[in-house]
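Accompanying notes for the structure given below.
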Amino acid sequence: MRIIRKTPRTSNRLANFVKHVGSGALVCTLLMVPSGVLGGGGLGYSDAESLLLKALREVRLAQLDAARKTIAELIVRYPNYRLAHLVQGDLWLAKAKPLQSLGNTSQPIEQLVGLRAEAAARVQRENDSFKPDQVPANFWRLPTAQQYALAVDVDKSRLYVLENQNGRLVRVADFYASVGKAGAGKAKEGDQRTPLGAYTLKGAVSRDKLTDFYGAGAFPLDYPNVWDRLQGRNGFGIWLHGVPSDTYARAPRASDGCVVVSNPDLKLIEKFIAPGQTSVVIAQRIDWVDREIAGRQSQGLLTAIERWRTDWQALDTPKYLQHYAPNFTSDTARLPEWRAQKLAANAGKTWVKVELGNLSAVQYPGVNGLVVVTFDQNYQSSNLNGQTRKRQLWQLIDGRWQIIYEGSA
C-alpha cells in the first residue's frame with residue numbers, strides 16, 4: 001500500500017474534513033474483526049465499520065490513495081452504504097479543491113446532517129474510555145441459562161453484546177444503532193422517542209408479516225413494561241429491527257422509537273437473542289464498571305430476597321409482609337388486599353417450601369435504587385403446589401430493600 005507524503009497543500013485540503021468527522025480523536029490502531037467472527041471474548045466491529053474507520057484513519061494520516069482503496073472495497077461489499085459513497089466523493093474531490101466539511105457544503109441539507117452525525121458517532125466509538133473488561137453497571141445478576149444480554153447507549157448510538165460466562169459478563173461485540181427522532185425517554189404513543197429502561201426481547205416477528213422497511217428482521221421489546229405502566233407511560237410497537245434494502249444504516253436519530261441497526265449487523269445480533277429470555281437495557285448513557293463492583297452492588301438486594309423467601313417458608317406472615325412497601329401493587333391488588341389474602345392463605349397451612357431458580361437482577365437505568373428481579377418459583381405446601389415464573393420490582397426505600405410490585409413474568 002503506497003503511502004502519500006503529507007504536504008501543506010494536502011493538509012489544507014483535508015483539514016476541515018478531518019476536523020468535521022472527528023478523526024483527530026482516532027487512535028492509530030483499529031481492531032479488525034471480519035463479519036461473522038464475533039464472540040468468544042474478542043471485541044469487534046462489523047466489517048463495514050472496520051473498513052470505514054480504517055479509511056478515516058488513513059485520511060487523518062493523509063494516506064489518500066490507501067483511503068480511496070479502502071472505501072472502494074467497502075462500497076463493493078456494501079453498495080447501499082451512503083456514508084461510504086459520501087466519503088469516497090470527498091476523497092476524490094480533495095484532489096482538486098479544499099474541502100469545507102464532510103459532504104463539502106456548509107448548507108444544512110437534512111440527509112447530509114444525518115450522515116455527518118453517523119460518521120461522528122462511529123468515530124466516537126474509537127474514543128470510548130471504558131476498559132475492555134468493564135461491564136454495564138445495570139446487570140447485577142444473570143442466570144446461567146441466559147447466555148447473552150444487550151445494552152444500548154443512546155448518547156453513543158451504540159448497542160453492546162454481553163456474554164454470560166458462568167455468571168461472569170464479558171463484552172463480546174458492539175454495533176452502531178439508531179434510536180428515536182426525538183431522542184430517548186418515551187412517555188406516550190407517537191412521541192418518536194425510544195424508551196429508557198430494562199426490557200426483554202420477545203420472539204422474532206414472522207417474516208411474512210414484515211415489509212421491506214424492517215429489513216432483515218424484527219424483535220419486539222416488552223414495552224411498556226411494569227414500571228412503565230406504573231408511571232403512566234403508553235405506546236406500543238417498540239422493536240429492534242433492520243433497515244430497508246436500499247439503505248445500509250440510518251442516522252443516529254431516525255426511528256419512530258425503535259432501536260435500528262444495519263441488516264448485516266442484525267443478522268449477527270440475532271445469534272445472541274433467545275426470545276423471551278434476553279435482557280436489554282436502554283440507557284441515556286451506560287455506566288461501565290469493574291465486574292467486582294457490579295457484584296458488590298447486588299449483595300444487599302440478594303440478602304433481602306433470601307430473607308423474603310425464608311420468612312415466607314417459615315410461615316412468619318408478619319415478617320414476610322414487612323418486605324412489601326406501603327405503595328406495593330400487584331396486577332390485581334394493592335397492599336391492604338395483598339395482606340388480607342396472604343394472612344388467610346397462610347393460616348390454613350402447616351408447612352411451606354419455597355425454592356427460587358434462574359434468578360435475574362437488573363438495575364433499572366435512570367432510576368436510583370430500582371431493580372427488576374425475575375426468577376422461577378417452585379412452591380410446595382401442605383395443601384397447594386405450583387411452579388411459576390415471577391417478576392418483582394425491588395426498591396431501596398429509606399435504606400431498606402422493599403417490594404413495590406409482584407406478578408407473573
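Residue numbering restarts at 1 for every chain of the C-alpha cells, chains are lettered A, B, ... in their displayed order, and ligands are numbered from 1 as they appear.
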
For this session: Output as a VMD selection string all residues of range 283-340 of chain A that backbone DSSP marks as helix (DSSP H, G or I).
Result: chain A and resid 291 to 313 317 to 321 335 to 340

Write the residues of the preceding selection, restricted to C-alpha atoms, as a compact mmCIF listing (two decimals), in the first residue's frame.
```txt
# COMPACT_ATOMS: atom_id res chain seq x y z
CA ARG A 291 -17.23 -6.68 37.32
CA GLU A 292 -16.48 -6.85 41.03
CA ILE A 293 -18.30 -3.54 41.65
CA ALA A 294 -21.47 -4.79 39.96
CA GLY A 295 -21.28 -7.92 42.12
CA ARG A 296 -20.88 -5.95 45.35
CA GLN A 297 -23.82 -3.71 44.47
CA SER A 298 -26.12 -6.72 44.35
CA GLN A 299 -25.28 -8.21 47.75
CA GLY A 300 -27.74 -6.19 49.83
CA LEU A 301 -30.60 -6.93 47.46
CA LEU A 302 -29.81 -10.65 47.21
CA THR A 303 -29.75 -10.84 51.00
CA ALA A 304 -33.17 -9.16 51.16
CA ILE A 305 -34.59 -11.61 48.60
CA GLU A 306 -33.33 -14.56 50.62
CA ARG A 307 -34.88 -13.17 53.82
CA TRP A 308 -38.19 -12.70 51.98
CA ARG A 309 -38.05 -16.35 50.86
CA THR A 310 -37.16 -17.76 54.28
CA ASP A 311 -39.79 -15.66 56.11
CA TRP A 312 -42.41 -16.92 53.67
CA GLN A 313 -41.19 -20.50 54.01
CA THR A 317 -46.51 -13.90 57.84
CA PRO A 318 -45.93 -10.60 59.72
CA LYS A 319 -42.20 -10.65 58.89
CA TYR A 320 -42.96 -11.79 55.32
CA LEU A 321 -45.32 -8.84 54.79
CA LEU A 335 -51.02 -3.79 49.85
CA PRO A 336 -54.18 -3.97 52.07
CA GLU A 337 -55.82 -6.59 49.83
CA TRP A 338 -52.50 -8.42 49.40
CA ARG A 339 -52.02 -8.55 53.18
CA ALA A 340 -55.51 -9.97 53.73
```

Problem set entry | Contact residues around range 360-369 of chain A with only C-alpha atoms at 6 Å, ignoring same-chain residues under 3 positions, as a list in words | Asn138, Phe139, Trp140, Arg141, Leu142, Pro143, Gly197, Ala198, Ala283, Val372, Val373, Thr374, Gln395 and Leu396 of chain A

Exercise. CA of Ser245 in chain A and CA of Glu73 in chain A, how far apart in Å?
Worked result: 19.5 Å

Exercise. So, counting only C-alpha atoms, which residue among A:Ala137, A:Ile273, A:Val354, A:Ala151 is closest to Ala204 in chain A?
Worked result: A:Ile273

Strand (DSSP E) positions in range 214-402 of chain A, given as a PDB file with C-alpha atoms, in the first residue's frame:
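states37.pdb, freshly written:
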```pdb
ATOM      1  CA  ALA A 218     -37.653  -7.524  13.904  1.00  0.00           C
ATOM      2  CA  PHE A 219     -37.666  -8.411  17.621  1.00  0.00           C
ATOM      3  CA  PRO A 220     -40.286  -6.654  19.804  1.00  0.00           C
ATOM      4  CA  TRP A 239     -38.779  -3.188  18.215  1.00  0.00           C
ATOM      5  CA  LEU A 240     -35.153  -3.980  17.476  1.00  0.00           C
ATOM      6  CA  HIS A 241     -35.129  -4.206  13.678  1.00  0.00           C
ATOM      7  CA  ARG A 253     -31.873   9.849  15.416  1.00  0.00           C
ATOM      8  CA  ALA A 254     -34.104   8.441  12.704  1.00  0.00           C
ATOM      9  CA  SER A 255     -36.705   5.966  14.001  1.00  0.00           C
ATOM     10  CA  VAL A 259     -33.710   0.575  18.015  1.00  0.00           C
ATOM     11  CA  VAL A 260     -32.468   0.144  14.444  1.00  0.00           C
ATOM     12  CA  SER A 279     -32.402  -8.827  28.712  1.00  0.00           C
ATOM     13  CA  VAL A 280     -31.993  -5.425  27.054  1.00  0.00           C
ATOM     14  CA  VAL A 281     -31.008  -2.303  28.978  1.00  0.00           C
ATOM     15  CA  ILE A 282     -31.564   1.011  27.184  1.00  0.00           C
ATOM     16  CA  ALA A 283     -29.868   3.919  28.951  1.00  0.00           C
ATOM     17  CA  TRP A 288     -19.296   0.999  32.836  1.00  0.00           C
ATOM     18  CA  VAL A 289     -17.813  -0.512  35.996  1.00  0.00           C
ATOM     19  CA  TYR A 324     -43.644  -5.179  50.905  1.00  0.00           C
ATOM     20  CA  ALA A 325     -43.597  -1.380  50.570  1.00  0.00           C
ATOM     21  CA  PRO A 326     -46.605   0.791  51.520  1.00  0.00           C
ATOM     22  CA  ASN A 327     -47.076   1.629  47.822  1.00  0.00           C
ATOM     23  CA  PHE A 328     -46.941  -2.051  46.766  1.00  0.00           C
ATOM     24  CA  THR A 329     -49.187  -3.258  43.971  1.00  0.00           C
ATOM     25  CA  SER A 330     -49.700  -6.486  42.083  1.00  0.00           C
ATOM     26  CA  VAL A 352     -44.349 -24.350  53.159  1.00  0.00           C
ATOM     27  CA  LYS A 353     -41.273 -24.848  50.992  1.00  0.00           C
ATOM     28  CA  VAL A 354     -40.175 -22.153  48.516  1.00  0.00           C
ATOM     29  CA  GLU A 355     -37.306 -22.563  46.062  1.00  0.00           C
ATOM     30  CA  LEU A 356     -36.041 -19.882  43.658  1.00  0.00           C
ATOM     31  CA  GLY A 357     -34.085 -20.621  40.498  1.00  0.00           C
ATOM     32  CA  ASN A 358     -32.694 -18.822  37.438  1.00  0.00           C
ATOM     33  CA  LEU A 359     -32.711 -15.522  39.300  1.00  0.00           C
ATOM     34  CA  SER A 360     -32.033 -12.331  37.353  1.00  0.00           C
ATOM     35  CA  ALA A 361     -31.466  -8.884  38.888  1.00  0.00           C
ATOM     36  CA  VAL A 362     -31.191  -5.858  36.578  1.00  0.00           C
ATOM     37  CA  GLN A 363     -30.776  -2.340  37.940  1.00  0.00           C
ATOM     38  CA  LEU A 370     -34.828   0.241  41.486  1.00  0.00           C
ATOM     39  CA  VAL A 371     -34.107  -3.346  40.409  1.00  0.00           C
ATOM     40  CA  VAL A 372     -36.121  -5.746  38.247  1.00  0.00           C
ATOM     41  CA  VAL A 373     -35.916  -9.247  39.730  1.00  0.00           C
ATOM     42  CA  THR A 374     -37.109 -12.305  37.813  1.00  0.00           C
ATOM     43  CA  PHE A 375     -36.969 -15.948  38.893  1.00  0.00           C
ATOM     44  CA  ASP A 376     -38.513 -19.404  38.638  1.00  0.00           C
ATOM     45  CA  GLN A 377     -40.545 -20.117  41.776  1.00  0.00           C
ATOM     46  CA  ASN A 378     -41.174 -23.670  42.966  1.00  0.00           C
ATOM     47  CA  TYR A 379     -43.822 -23.517  45.700  1.00  0.00           C
ATOM     48  CA  GLN A 380     -44.902 -26.505  47.814  1.00  0.00           C
ATOM     49  CA  SER A 381     -47.142 -26.537  50.868  1.00  0.00           C
ATOM     50  CA  ASN A 385     -48.141 -26.908  44.979  1.00  0.00           C
ATOM     51  CA  GLY A 386     -47.171 -24.827  41.955  1.00  0.00           C
ATOM     52  CA  GLN A 387     -44.411 -23.553  39.703  1.00  0.00           C
ATOM     53  CA  THR A 388     -44.343 -20.150  38.045  1.00  0.00           C
ATOM     54  CA  ARG A 389     -42.022 -17.563  36.516  1.00  0.00           C
ATOM     55  CA  LYS A 390     -42.268 -14.474  38.705  1.00  0.00           C
ATOM     56  CA  ARG A 391     -41.226 -10.829  38.371  1.00  0.00           C
ATOM     57  CA  GLN A 392     -40.728  -8.364  41.225  1.00  0.00           C
ATOM     58  CA  LEU A 393     -39.675  -4.732  41.437  1.00  0.00           C
ATOM     59  CA  TRP A 394     -37.486  -4.072  44.456  1.00  0.00           C
ATOM     60  CA  GLN A 395     -36.712  -0.504  45.507  1.00  0.00           C
ATOM     61  CA  LEU A 396     -34.333   0.873  48.117  1.00  0.00           C
ATOM     62  CA  ILE A 397     -36.610   2.941  50.372  1.00  0.00           C
ATOM     63  CA  ARG A 400     -34.111  -0.869  53.087  1.00  0.00           C
ATOM     64  CA  TRP A 401     -34.930  -3.014  50.058  1.00  0.00           C
ATOM     65  CA  GLN A 402     -38.700  -3.408  49.656  1.00  0.00           C
TER      66      GLN A 402
END
```

Problem set entry | Surrounding residues of Gly257 in chain A excluding itself and chain neighbours under 4 positions, 9 Å, only C-alpha atoms, as a ChimeraX atom specification | /A:179-184,186,190-195,237-239

Take the selection from the previous step and output its residues with C-alpha atoms, as an mmCIF file, in the first residue's frame.
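So out_34.cif came out as:
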```
data_model
loop_
_atom_site.group_PDB
_atom_site.id
_atom_site.type_symbol
_atom_site.label_atom_id
_atom_site.label_comp_id
_atom_site.auth_asym_id
_atom_site.auth_seq_id
_atom_site.Cartn_x
_atom_site.Cartn_y
_atom_site.Cartn_z
ATOM 1 C CA VAL A 179 -32.901 5.460 18.005
ATOM 2 C CA GLY A 180 -35.943 7.747 18.020
ATOM 3 C CA LYS A 181 -36.066 11.009 16.068
ATOM 4 C CA ALA A 182 -36.872 12.860 19.308
ATOM 5 C CA GLY A 183 -34.230 11.007 21.313
ATOM 6 C CA ALA A 184 -34.972 8.854 24.352
ATOM 7 C CA LYS A 186 -40.604 7.540 25.708
ATOM 8 C CA GLY A 190 -46.395 8.822 18.889
ATOM 9 C CA ASP A 191 -43.723 10.882 20.684
ATOM 10 C CA GLN A 192 -40.983 9.367 18.459
ATOM 11 C CA ARG A 193 -38.812 8.609 21.489
ATOM 12 C CA THR A 194 -37.024 5.392 22.403
ATOM 13 C CA PRO A 195 -37.881 4.123 25.902
ATOM 14 C CA GLY A 237 -44.516 -1.466 18.806
ATOM 15 C CA ILE A 238 -41.002 -0.772 20.095
ATOM 16 C CA TRP A 239 -38.779 -3.188 18.215
#
```
